[in-house]
>>> print(open('structure-v3.csv').read())   # CSV, C-alpha atoms
chain,number,residue,atom,x,y,z
P,894,MET,CA,120.1,80.9,83.4
P,895,ARG,CA,119.1,84.5,83.6
P,896,ASP,CA,121.8,87.2,84.0
P,897,TYR,CA,119.8,89.5,86.3
P,898,ARG,CA,118.2,89.4,89.7
P,899,ILE,CA,114.7,90.2,90.8
P,900,GLU,CA,113.6,91.9,94.0
P,901,VAL,CA,109.9,91.9,94.8
P,902,CYS,CA,108.4,94.7,96.8
P,903,LEU,CA,105.6,93.4,99.1
P,904,GLU,CA,103.9,93.9,102.5
P,905,ASN,CA,102.7,90.6,104.0
P,906,VAL,CA,103.9,87.1,104.9
P,907,GLU,CA,101.7,85.4,102.3
P,908,SER,CA,103.3,87.5,99.6
P,909,VAL,CA,106.8,86.6,100.8
P,910,VAL,CA,106.0,82.9,100.5
P,911,ASN,CA,104.5,83.5,97.0
P,912,ALA,CA,107.4,85.5,95.8
P,913,GLU,CA,109.8,82.8,96.8
P,914,ARG,CA,107.7,80.2,95.0
P,915,GLY,CA,107.7,82.4,92.0
P,916,GLY,CA,111.5,82.5,91.8
P,917,ALA,CA,112.3,85.9,93.4
P,918,ASP,CA,115.9,86.3,94.4
P,919,ARG,CA,115.1,88.7,97.2
P,920,VAL,CA,112.1,90.5,98.7
P,921,GLU,CA,111.7,94.0,100.1
P,922,LEU,CA,109.4,93.7,103.1
P,923,CYS,CA,107.4,96.8,103.9
P,924,SER,CA,104.1,97.9,105.5
P,925,ASP,CA,101.7,100.4,103.9
P,926,LEU,CA,102.7,100.4,100.3
P,927,PHE,CA,99.9,102.9,99.8
P,928,GLU,CA,102.4,105.4,101.5
P,929,GLY,CA,105.3,104.1,99.4
P,930,GLY,CA,106.4,101.6,102.0
P,931,LEU,CA,107.0,101.9,105.7
P,932,THR,CA,108.7,99.8,108.3
P,933,PRO,CA,107.2,96.4,108.7
P,934,SER,CA,106.3,94.9,112.0
P,935,LEU,CA,108.8,92.6,113.8
P,936,ALA,CA,106.2,89.9,113.9
P,937,THR,CA,105.8,90.0,110.1
P,938,LEU,CA,109.6,89.7,109.6
P,939,ARG,CA,109.8,86.9,112.1
P,940,LEU,CA,107.0,84.8,110.5
P,941,ALA,CA,108.3,85.5,107.0
P,942,LYS,CA,111.7,84.2,107.9
P,943,ARG,CA,110.1,81.2,109.6
P,944,LEU,CA,108.0,80.3,106.5
P,945,SER,CA,110.5,81.1,103.8
P,946,SER,CA,114.2,81.0,103.0
P,947,VAL,CA,114.3,83.9,100.5
P,948,ASP,CA,116.6,86.9,101.4
P,949,ILE,CA,114.5,89.6,103.1
P,950,SER,CA,115.3,93.3,102.9
P,951,ALA,CA,113.5,95.2,105.6
P,952,MET,CA,112.3,98.8,105.0
P,953,VAL,CA,113.3,101.3,107.6
P,954,ARG,CA,111.0,104.3,107.1
P,955,PRO,CA,109.1,105.6,110.2
P,956,ARG,CA,106.5,107.6,108.3
P,957,GLY,CA,105.3,108.6,104.8
P,958,GLY,CA,106.2,111.9,103.2
P,959,ASP,CA,109.6,113.4,102.8
P,960,PHE,CA,113.0,111.9,103.8
P,961,CYS,CA,114.2,114.7,106.1
P,962,TYR,CA,113.7,113.3,109.6
P,963,SER,CA,113.5,114.9,113.1
P,964,ALA,CA,115.9,113.9,115.8
P,965,THR,CA,113.3,111.6,117.4
P,966,GLU,CA,112.5,109.9,114.0
P,967,PHE,CA,116.2,109.3,113.5
P,968,GLU,CA,116.4,107.6,116.9
P,969,VAL,CA,113.5,105.4,115.9
P,970,MET,CA,115.3,104.5,112.6
P,971,LYS,CA,118.5,103.6,114.5
P,972,GLU,CA,116.5,101.3,116.8
P,973,GLU,CA,114.7,99.6,113.9
P,974,VAL,CA,118.0,98.9,112.1
P,975,ARG,CA,119.4,97.3,115.4
P,976,ILE,CA,116.3,95.2,115.7
P,977,PHE,CA,116.4,94.0,112.1
P,978,ARG,CA,120.1,93.2,112.4
P,979,GLU,CA,119.4,91.1,115.6
P,980,GLU,CA,116.5,89.3,113.9
P,981,GLY,CA,118.7,88.2,111.0
P,982,ALA,CA,117.4,90.3,108.1
P,983,PHE,CA,119.4,90.0,104.9
P,984,SER,CA,119.5,93.8,104.5
P,985,VAL,CA,117.9,97.0,105.4
P,986,VAL,CA,116.5,99.7,103.1
P,987,PHE,CA,116.6,103.4,104.1
P,988,GLY,CA,117.5,106.9,103.0
P,989,ILE,CA,117.9,110.3,104.6
P,990,LEU,CA,118.2,113.6,102.9
P,991,ARG,CA,119.2,117.1,104.0
P,992,PRO,CA,116.7,120.0,103.6
P,993,ASP,CA,118.6,121.1,100.5
P,994,GLY,CA,117.9,117.9,98.6
P,995,THR,CA,121.4,116.3,99.0
P,996,VAL,CA,122.2,113.0,100.7
P,997,ASP,CA,122.7,113.4,104.5
P,998,GLU,CA,126.0,111.6,104.6
P,999,GLU,CA,126.5,111.9,108.4
P,1000,ARG,CA,123.1,110.3,109.4
P,1001,ASN,CA,123.2,107.6,106.7
P,1002,ALA,CA,126.7,106.7,107.8
P,1003,GLU,CA,125.4,106.2,111.4
P,1004,LEU,CA,122.7,103.9,110.2
P,1005,LEU,CA,125.2,101.9,108.0
P,1006,GLU,CA,127.5,101.5,111.0
P,1007,ILE,CA,124.7,100.0,113.0
P,1008,ALA,CA,123.5,97.8,110.1
P,1009,ARG,CA,126.7,96.0,109.4
P,1010,PRO,CA,127.3,93.2,108.5
P,1011,MET,CA,123.8,93.4,106.9
P,1012,LYS,CA,123.6,94.7,103.3
P,1013,ALA,CA,122.1,98.1,102.8
P,1014,THR,CA,120.0,99.7,100.1
P,1015,PHE,CA,119.4,103.4,99.6
P,1016,HIS,CA,115.7,103.6,98.6
P,1017,ARG,CA,113.9,106.0,96.3
P,1018,ALA,CA,114.7,109.0,98.5
P,1019,PHE,CA,117.4,109.1,95.8
P,1020,ASP,CA,114.8,110.2,93.3
P,1021,MET,CA,114.1,113.3,95.5
P,1022,THR,CA,117.7,114.5,95.4
P,1023,ARG,CA,118.9,117.5,93.4
P,1024,ASN,CA,121.5,115.7,91.2
P,1025,ALA,CA,121.5,112.0,90.4
P,1026,PHE,CA,125.2,111.7,89.6
P,1027,GLU,CA,126.5,113.6,92.6
P,1028,SER,CA,124.1,111.7,94.8
P,1029,LEU,CA,125.4,108.4,93.4
P,1030,GLU,CA,129.0,109.3,94.3
P,1031,ALA,CA,127.8,110.1,97.8
P,1032,LEU,CA,126.3,106.7,98.2
P,1033,ILE,CA,129.4,105.0,96.9
P,1034,ARG,CA,131.5,107.0,99.4
P,1035,LEU,CA,129.2,105.8,102.2
P,1036,GLY,CA,129.5,102.2,101.2
P,1037,PHE,CA,125.8,101.4,100.3
P,1038,ASP,CA,125.5,98.1,98.4
P,1039,ARG,CA,122.7,99.2,96.1
P,1040,VAL,CA,120.4,102.1,95.3
P,1041,LEU,CA,116.7,101.8,94.2
P,1042,THR,CA,115.8,104.5,91.7
P,1043,SER,CA,113.5,105.4,88.8
P,1044,GLY,CA,116.1,107.9,87.5
P,1045,LEU,CA,114.7,110.9,89.3
P,1046,GLU,CA,111.5,110.5,87.3
P,1047,PRO,CA,108.0,109.2,88.2
P,1048,SER,CA,108.7,105.9,86.5
P,1049,VAL,CA,111.6,103.8,85.1
P,1050,LEU,CA,110.4,104.3,81.5
P,1051,GLU,CA,110.6,108.1,82.0
P,1052,GLY,CA,114.0,107.9,83.7
P,1053,MET,CA,115.5,105.4,81.4
P,1054,PHE,CA,118.2,107.7,79.9
P,1055,THR,CA,119.4,108.7,83.4
P,1056,LEU,CA,119.3,105.1,84.6
P,1057,LYS,CA,121.4,103.9,81.8
P,1058,LYS,CA,124.0,106.6,82.6
P,1059,LEU,CA,123.8,105.8,86.4
P,1060,VAL,CA,124.5,102.1,85.6
P,1061,GLU,CA,127.5,103.1,83.6
P,1062,GLN,CA,128.8,105.5,86.2
P,1063,ALA,CA,128.4,102.9,89.0
P,1064,GLY,CA,130.3,100.1,87.3
P,1065,ASP,CA,131.1,97.5,90.0
P,1066,ARG,CA,131.1,100.1,92.8
P,1067,ILE,CA,127.4,99.9,93.7
P,1068,ILE,CA,124.3,98.2,92.2
P,1069,VAL,CA,121.9,100.5,90.5
P,1070,MET,CA,118.5,98.8,90.8
P,1071,PRO,CA,115.7,100.3,88.6
P,1072,GLY,CA,112.3,100.3,90.2
P,1073,CYS,CA,108.8,101.9,89.8
P,1074,GLY,CA,106.5,101.3,86.9
P,1075,ILE,CA,108.0,98.1,85.7
P,1076,ASN,CA,105.5,95.5,84.5
P,1077,HIS,CA,105.4,92.4,82.4
P,1078,ARG,CA,104.8,94.3,79.2
P,1079,ASN,CA,107.7,96.7,79.4
P,1080,PHE,CA,110.2,94.6,81.3
P,1081,GLY,CA,112.0,93.2,78.3
P,1082,TYR,CA,112.3,96.7,76.8
P,1083,ILE,CA,113.6,98.2,80.0
P,1084,ARG,CA,116.1,95.5,80.6
P,1085,SER,CA,117.6,95.6,77.1
P,1086,ASN,CA,118.0,99.4,77.2
P,1087,ILE,CA,119.3,99.9,80.8
P,1088,GLY,CA,121.4,96.8,81.3
P,1089,ALA,CA,121.1,96.7,85.1
P,1090,LYS,CA,122.0,93.7,87.1
P,1091,GLU,CA,118.9,93.8,89.4
P,1092,TYR,CA,115.3,95.0,89.0
P,1093,HIS,CA,112.7,95.9,91.6
P,1094,VAL,CA,109.1,94.9,90.8
P,1095,HIS,CA,105.7,94.9,92.5
P,1096,PRO,CA,103.4,92.3,90.9
P,1097,SER,CA,100.1,92.4,92.8
P,1098,ALA,CA,96.6,91.2,92.8
P,1099,THR,CA,93.6,92.2,94.9
P,1100,ILE,CA,91.7,89.4,96.7
P,1101,ALA,CA,88.2,90.1,97.8
P,1102,SER,CA,87.5,90.4,101.5
P,1103,ARG,CA,85.7,87.6,103.2
P,1104,MET,CA,83.4,90.1,105.0
P,1105,GLU,CA,79.7,89.7,104.2
P,1106,TYR,CA,78.5,92.5,106.4
P,1107,ARG,CA,79.8,95.7,104.9
P,1108,PRO,CA,78.5,99.0,106.4
P,1109,GLY,CA,79.1,101.6,103.7
P,1110,HIS,CA,79.2,104.7,105.9
P,1111,ILE,CA,82.2,103.8,108.0
P,1112,TYR,CA,85.9,104.3,106.9
P,1113,MET,CA,89.1,103.4,108.6
P,1114,GLY,CA,91.3,106.0,106.8
P,1115,GLY,CA,91.2,109.5,105.5
P,1116,LEU,CA,89.4,111.1,102.5
P,1117,LEU,CA,91.8,109.5,100.0
P,1118,ARG,CA,91.3,105.8,100.8
P,1119,GLN,CA,91.3,102.3,99.6
P,1120,SER,CA,88.4,100.0,99.9
P,1121,GLU,CA,88.2,98.1,103.2
P,1122,TYR,CA,87.0,95.0,101.2
P,1123,GLY,CA,90.0,94.0,99.2
P,1124,ASN,CA,93.4,92.7,100.2
P,1125,VAL,CA,96.6,93.1,98.1
P,1126,VAL,CA,98.8,90.1,97.7
P,1127,THR,CA,101.8,89.1,95.5
P,1128,PRO,CA,100.7,86.3,93.2
P,1129,VAL,CA,103.1,83.4,92.4
P,1130,ASP,CA,102.5,83.6,88.6
P,1131,GLY,CA,103.1,87.4,88.7
P,1132,VAL,CA,106.6,86.8,90.0
P,1133,GLU,CA,107.3,83.9,87.7
P,1134,GLU,CA,106.8,86.2,84.7
P,1135,TYR,CA,110.0,88.1,85.7
P,1136,CYS,CA,112.0,85.1,86.7
P,1137,LYS,CA,111.7,82.8,83.6
>>> encode(input="structure-v3.csv", output="structure tokens")
Amino acid sequence: MRDYRIEVCLENVESVVNAERGGADRVELCSDLFEGGLTPSLATLRLAKRLSSVDISAMVRPRGGDFCYSATEFEVMKEEVRIFREEGAFSVVFGILRPDGTVDEERNAELLEIARPMKATFHRAFDMTRNAFESLEALIRLGFDRVLTSGLEPSVLEGMFTLKKLVEQAGDRIIVMPGCGINHRNFGYIRSNIGAKEYHVHPSATIASRMEYRPGHIYMGGLLRQSEYGNVVTPVDGVEEYCK
């Protein structure tokens, strides 16, 4: 029996079902992973819960970009947390920073109060803070259950030294969950060097669109765009590789 837990990041109901079949312990349900993950629709959460029994953590992020939110955006986040609690999500995933790059303890505390008794994860807003070790203590004071982080670096491999120290600093007070850039080839190396209890992964495959008529001069997004004719899904065997 493995001594670590796997959370799979994904963005559709089919992927939730596949992640459960592959052995995932939990999923992080988002929309728009191209933006780093935004709040999923209520319908997506409801159907995912109906078709699977895996623990679902729902992202609460009203837009892409930074993690310093306006008063209106904060009200949206509070309402999203309420909705996910009422819908029976296992946990919510969010993070709010101050303009100076520190954890906004007041606003995060408000969301935590609304969220309970759900679990709560502070997401990779953590990696945009000024000081990893001071920020970790702030999250512990607030009562977060876990923090998703790449060690304030672009990937887990680059942040490995900091992640190892964060795991040691956290002890049993909070779960430090490494995520970003983990793949089948480096997972064993990462796990043996960091020694975390949980890992956040994103195995994915692109399935060709069923569209036969494909006008090439029309786009649904901006200048930086993905193809309209491929759909990203979490494959069962991709999850199984981490859960053996």
>>> residues_near_point(input="structure-v3.csv", point="(110.2, 109.5, 88.9)", cutoff="12 Å", atoms="only C-alpha atoms", output="number ranges by chain")
P: 1017-1022, 1025, 1041-1053, 1055-1056, 1071-1074
>>> closest_residue(input="structure-v3.csv", among="P:Asp993, P:Glu904, P:Glu913, P:Asp948", to="Leu931 (chain P)", atoms="all atoms listed in the file")
P:Glu904
>>> atom_distance(input="structure-v3.csv", atom1="CA of Leu1032 (chain P)", atom2="CA of Asn1076 (chain P)")
27.3 Å
>>> atom_distance(input="structure-v3.csv", atom1="CA of Ala1013 (chain P)", atom2="CA of Ser984 (chain P)")
5.3 Å
>>> residues_around(input="structure-v3.csv", residues="Glu928 (chain P)", least_positions_apart="2", cutoff="8 Å", atoms="all atoms listed in the file", output="compact mmCIF listing (two decimals) with C-alpha atoms, keeping the file's coordinate frame")
# COMPACT_ATOMS: atom_id res chain seq x y z
CA ASP P 925 101.70 100.40 103.90
CA LEU P 926 102.70 100.40 100.30
CA GLY P 930 106.40 101.60 102.00
CA LEU P 931 107.00 101.90 105.70
CA GLY P 957 105.30 108.60 104.80
CA GLY P 958 106.20 111.90 103.20
>>> residues_around(input="structure-v3.csv", residues="region 1088-1102 of chain P", least_positions_apart="3", cutoff="9 Å", atoms="only C-alpha atoms", output="ChimeraX atom specification")
/P:896-903,908,920-921,1041,1056-1057,1060,1068-1077,1083-1085,1105,1121-1128,1131-1132,1135
>>> closest_residue(input="structure-v3.csv", among="P:Arg895, P:Arg939, P:Arg1078, P:Arg1000", to="Glu966 (chain P)", atoms="only C-alpha atoms")
P:Arg1000
>>> closest_residue(input="structure-v3.csv", among="P:Ile1067, P:Ala964, P:Met952, P:Val909", to="Glu1030 (chain P)", atoms="only C-alpha atoms")
P:Ile1067
>>> atom_distance(input="structure-v3.csv", atom1="CA of Asp997 (chain P)", atom2="CA of Glu979 (chain P)")
25.1 Å
>>> residues_near_point(input="structure-v3.csv", point="(105.4, 85.0, 105.9)", cutoff="12 Å", atoms="all atoms listed in the file", output="ChimeraX atom specification")
/P:903-913,920,922,933-947,949,1126-1127
>>> residues_around(input="structure-v3.csv", residues="Val986 (chain P)", least_positions_apart="6", cutoff="7 Å", atoms="only C-alpha atoms", output="PyMOL selection string")
chain P and resi 950-953+1013-1016
>>> residues_around(input="structure-v3.csv", residues="Asn1001 (chain P)", least_positions_apart="2", cutoff="12 Å", atoms="all atoms listed in the file", output="number ranges by chain")
P: 953, 960-962, 967, 970-971, 974, 985-991, 995-999, 1003-1008, 1013-1016, 1018, 1031-1037
>>> closest_residue(input="structure-v3.csv", among="P:Ala982, P:Ala1002, P:Ile1111, P:Leu1029", to="Ala1063 (chain P)", atoms="all atoms listed in the file")
P:Leu1029
>>> axis_aligned_box(input="structure-v3.csv", around="region 1053-1067 of chain P", padding_each_side="4 Å", output="AutoDock Vina command-line options")
--center_x 123.3 --center_y 103.1 --center_z 86.8 --size_x 23.6 --size_y 19.2 --size_z 21.8
>>> residues_around(input="structure-v3.csv", residues="Cys1136 (chain P)", least_positions_apart="3", cutoff="7 Å", atoms="all atoms listed in the file", output="MDAnalysis selection string")
chainID P and resid 916:917 1132:1133
